[in-house]
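Notes follow once the structure below has been shown.
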Amino acid sequence: MYRTVLYRGTTELWEQAVIEASLPPINAPIVVGSYLQKVKIIKPNLENEIRTRIAQKPCSTLRSGKEIILGNVPVPLNQLNAQQINQEIVARVGVETAFGTPNYYSHFVPCGTYSGISENFGHGGYYRFEIQGKIYGPTLQDIEEYVAERHTLPSYVIPLFRGGSNEVLAYTGSLITSVVLMRGSDVYRTVLNSLD
């Protein structure tokens with residue numbers, strides 16, 4: 001009833017490491033992009049800090065750049081009111097990102113409901129996975145619906161909110177299962193650390 005198949009195209013090495021629960025070798029830097037290069041001048045240990053945060057994630061989850069890169073610990077979604085959730089969604093949808101510049105403004109992670117967009121963003125590669133989720137609309141009224149019923153939903157149900165076209169937003173830490181890395185329509189690799 002709640003099973004939802006979603007897609008995530010990413011070129012961010014740190015994000016792939018979180019999704020696959022596997023750190024890249026030391027000679028493959030996670031600190032990329034002009035913003036992080038500037039931060040590294042101020043915080044020379046940034047690479048190790050990010051790697052440590054990734055290593056603390058035991059299974060396949062979606063994580064925000066605000067959490068992994070900046071170390072900003074999120075307030076659990078079930079403790080946020082409707083207005084706070086709406087602000088996080090607006091912060092995510094209102095900011096376009098590119099390679100090396102993950103979204104630092106929101107703890108929401110965009111996921112595709114259509115594989116083609118994720119495939120293009122991932123330059124031919126994208127993750128396909130399942131979430132036990134319920135999709136809510138993008139308006140404050142829709143978010144208020146979630147807040148009103150969140151304590152009646154089964155504990156395994158992950159709330160998802162409509163973002164842009166063919167996109168839903170999952171809050172940081174959302175569990176994903178049956179994860180595979182796709183190349184076009186072919187399964188390129190099965191992510192062994194994903195839970196089923």
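If you're wondering about the labels, chains in the structure tokens are A, B, ... by order shown, residues count from 1 in each chain, ligands from 1 in order shown.
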>> List the spatial neighbours of region 57-68 of chain A as a list of chain:residue names - criterion: any atom at most 8 Å away, only C-alpha atoms, same-chain residues fewer than 6 positions off excluded.
In response: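 So the residues in contact are A:Glu15, A:Val18, A:Ile19, A:Glu20, A:Ala21, A:Ile50, A:Pro74, A:Pro102, A:Asn103, A:Tyr104, A:Tyr105, A:Ser106, A:His107, A:Phe108, A:Val109, A:Ala170, A:Tyr171, A:Thr172, A:Gly173, A:Ser174, A:Leu175, A:Ile176, A:Thr177, A:Val179, A:Asn193, A:Ser194, A:Leu195.
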>> Using DSSP secondary structure from the backbone, list all helix (DSSP H, G or I) positions within region 6-143 of chain A, as a PyMOL selection string.
In response: chain A and resi 13-20+34-42+46-55+65-68+77-79+82-93+115-121+140-143
>> I'd like to know which of A:Gly164, A:Ile69, A:Ile135, A:Arg150 is closest to Val95 (chain A), using only C-alpha atoms.
In response: A:Gly164
> Which one of A:Phe161, A:Ser115, A:Tyr156, A:Trp14 sits closest to Met182 (chain A) if you count only C-alpha atoms?
Replying inline: A:Ser115
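For region 145-148 of chain A, the set of protein, DNA and RNA residues having any atom at most 8 Å away, when counting only C-alpha atoms and skipping those fewer than 2 positions along the same chain, is Asn78, Asn81, Ala82, Tyr136, Gln141, Asp142, Ile143, Arg150, His151 and Pro159 of chain A.
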How would the residues just chosen look if you wrote them out with N, CA, C and O atoms as an mmCIF file, in the first residue's frame?
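Everything below was put into out_27.cif:
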```
data_model
loop_
_atom_site.group_PDB
_atom_site.id
_atom_site.type_symbol
_atom_site.label_atom_id
_atom_site.label_comp_id
_atom_site.auth_asym_id
_atom_site.auth_seq_id
_atom_site.Cartn_x
_atom_site.Cartn_y
_atom_site.Cartn_z
ATOM 1 N N ASN A 78 9.207 14.529 12.745
ATOM 2 C CA ASN A 78 7.990 14.415 13.552
ATOM 3 C C ASN A 78 7.947 15.400 14.717
ATOM 4 O O ASN A 78 6.970 15.455 15.456
ATOM 5 N N ASN A 81 6.704 21.542 13.269
ATOM 6 C CA ASN A 81 5.317 21.882 12.970
ATOM 7 C C ASN A 81 5.178 22.130 11.463
ATOM 8 O O ASN A 81 6.168 22.135 10.730
ATOM 9 N N ALA A 82 3.958 22.339 11.011
ATOM 10 C CA ALA A 82 3.695 22.479 9.577
ATOM 11 C C ALA A 82 4.455 23.649 8.966
ATOM 12 O O ALA A 82 5.000 23.547 7.857
ATOM 13 N N TYR A 136 2.436 13.488 0.113
ATOM 14 C CA TYR A 136 1.545 14.616 0.404
ATOM 15 C C TYR A 136 1.788 15.707 -0.623
ATOM 16 O O TYR A 136 2.853 15.772 -1.245
ATOM 17 N N GLN A 141 -1.452 23.517 3.477
ATOM 18 C CA GLN A 141 -2.617 22.721 3.885
ATOM 19 C C GLN A 141 -2.312 21.222 3.806
ATOM 20 O O GLN A 141 -2.700 20.453 4.684
ATOM 21 N N ASP A 142 -1.587 20.804 2.765
ATOM 22 C CA ASP A 142 -1.187 19.400 2.628
ATOM 23 C C ASP A 142 -0.245 19.001 3.760
ATOM 24 O O ASP A 142 -0.332 17.890 4.295
ATOM 25 N N ILE A 143 0.674 19.891 4.101
ATOM 26 C CA ILE A 143 1.629 19.618 5.179
ATOM 27 C C ILE A 143 0.893 19.522 6.516
ATOM 28 O O ILE A 143 1.210 18.665 7.348
ATOM 29 N N ARG A 150 0.175 12.269 11.465
ATOM 30 C CA ARG A 150 1.463 11.564 11.544
ATOM 31 C C ARG A 150 1.538 10.546 12.676
ATOM 32 O O ARG A 150 2.259 9.551 12.561
ATOM 33 N N HIS A 151 0.828 10.763 13.769
ATOM 34 C CA HIS A 151 0.890 9.820 14.882
ATOM 35 C C HIS A 151 -0.017 8.611 14.665
ATOM 36 O O HIS A 151 0.056 7.651 15.432
ATOM 37 N N PRO A 159 6.945 10.063 5.302
ATOM 38 C CA PRO A 159 6.212 11.104 4.579
ATOM 39 C C PRO A 159 7.067 11.699 3.463
ATOM 40 O O PRO A 159 8.255 11.973 3.636
#
```
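Pairwise distance (CA of Val93 (chain A), CA of Ile131 (chain A)) equals 20.7 Å.
Nearest residue to Thr4 (chain A), choosing from A:Gly125, A:Tyr188, A:Thr152, A:Thr113 and counting only C-alpha atoms: A:Thr113.
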>> Just the number, please: distance in Å from CA of Gly112 (chain A) to CA of Leu192 (chain A), one decimal.
In response: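 That distance, rounded to one decimal, is 21.9 Å.
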> Quick one: of A:Leu140, A:Val31, A:Arg92, A:Glu149, who's nearest to Pro44 (chain A), counting only C-alpha atoms?
Replying inline: A:Val31
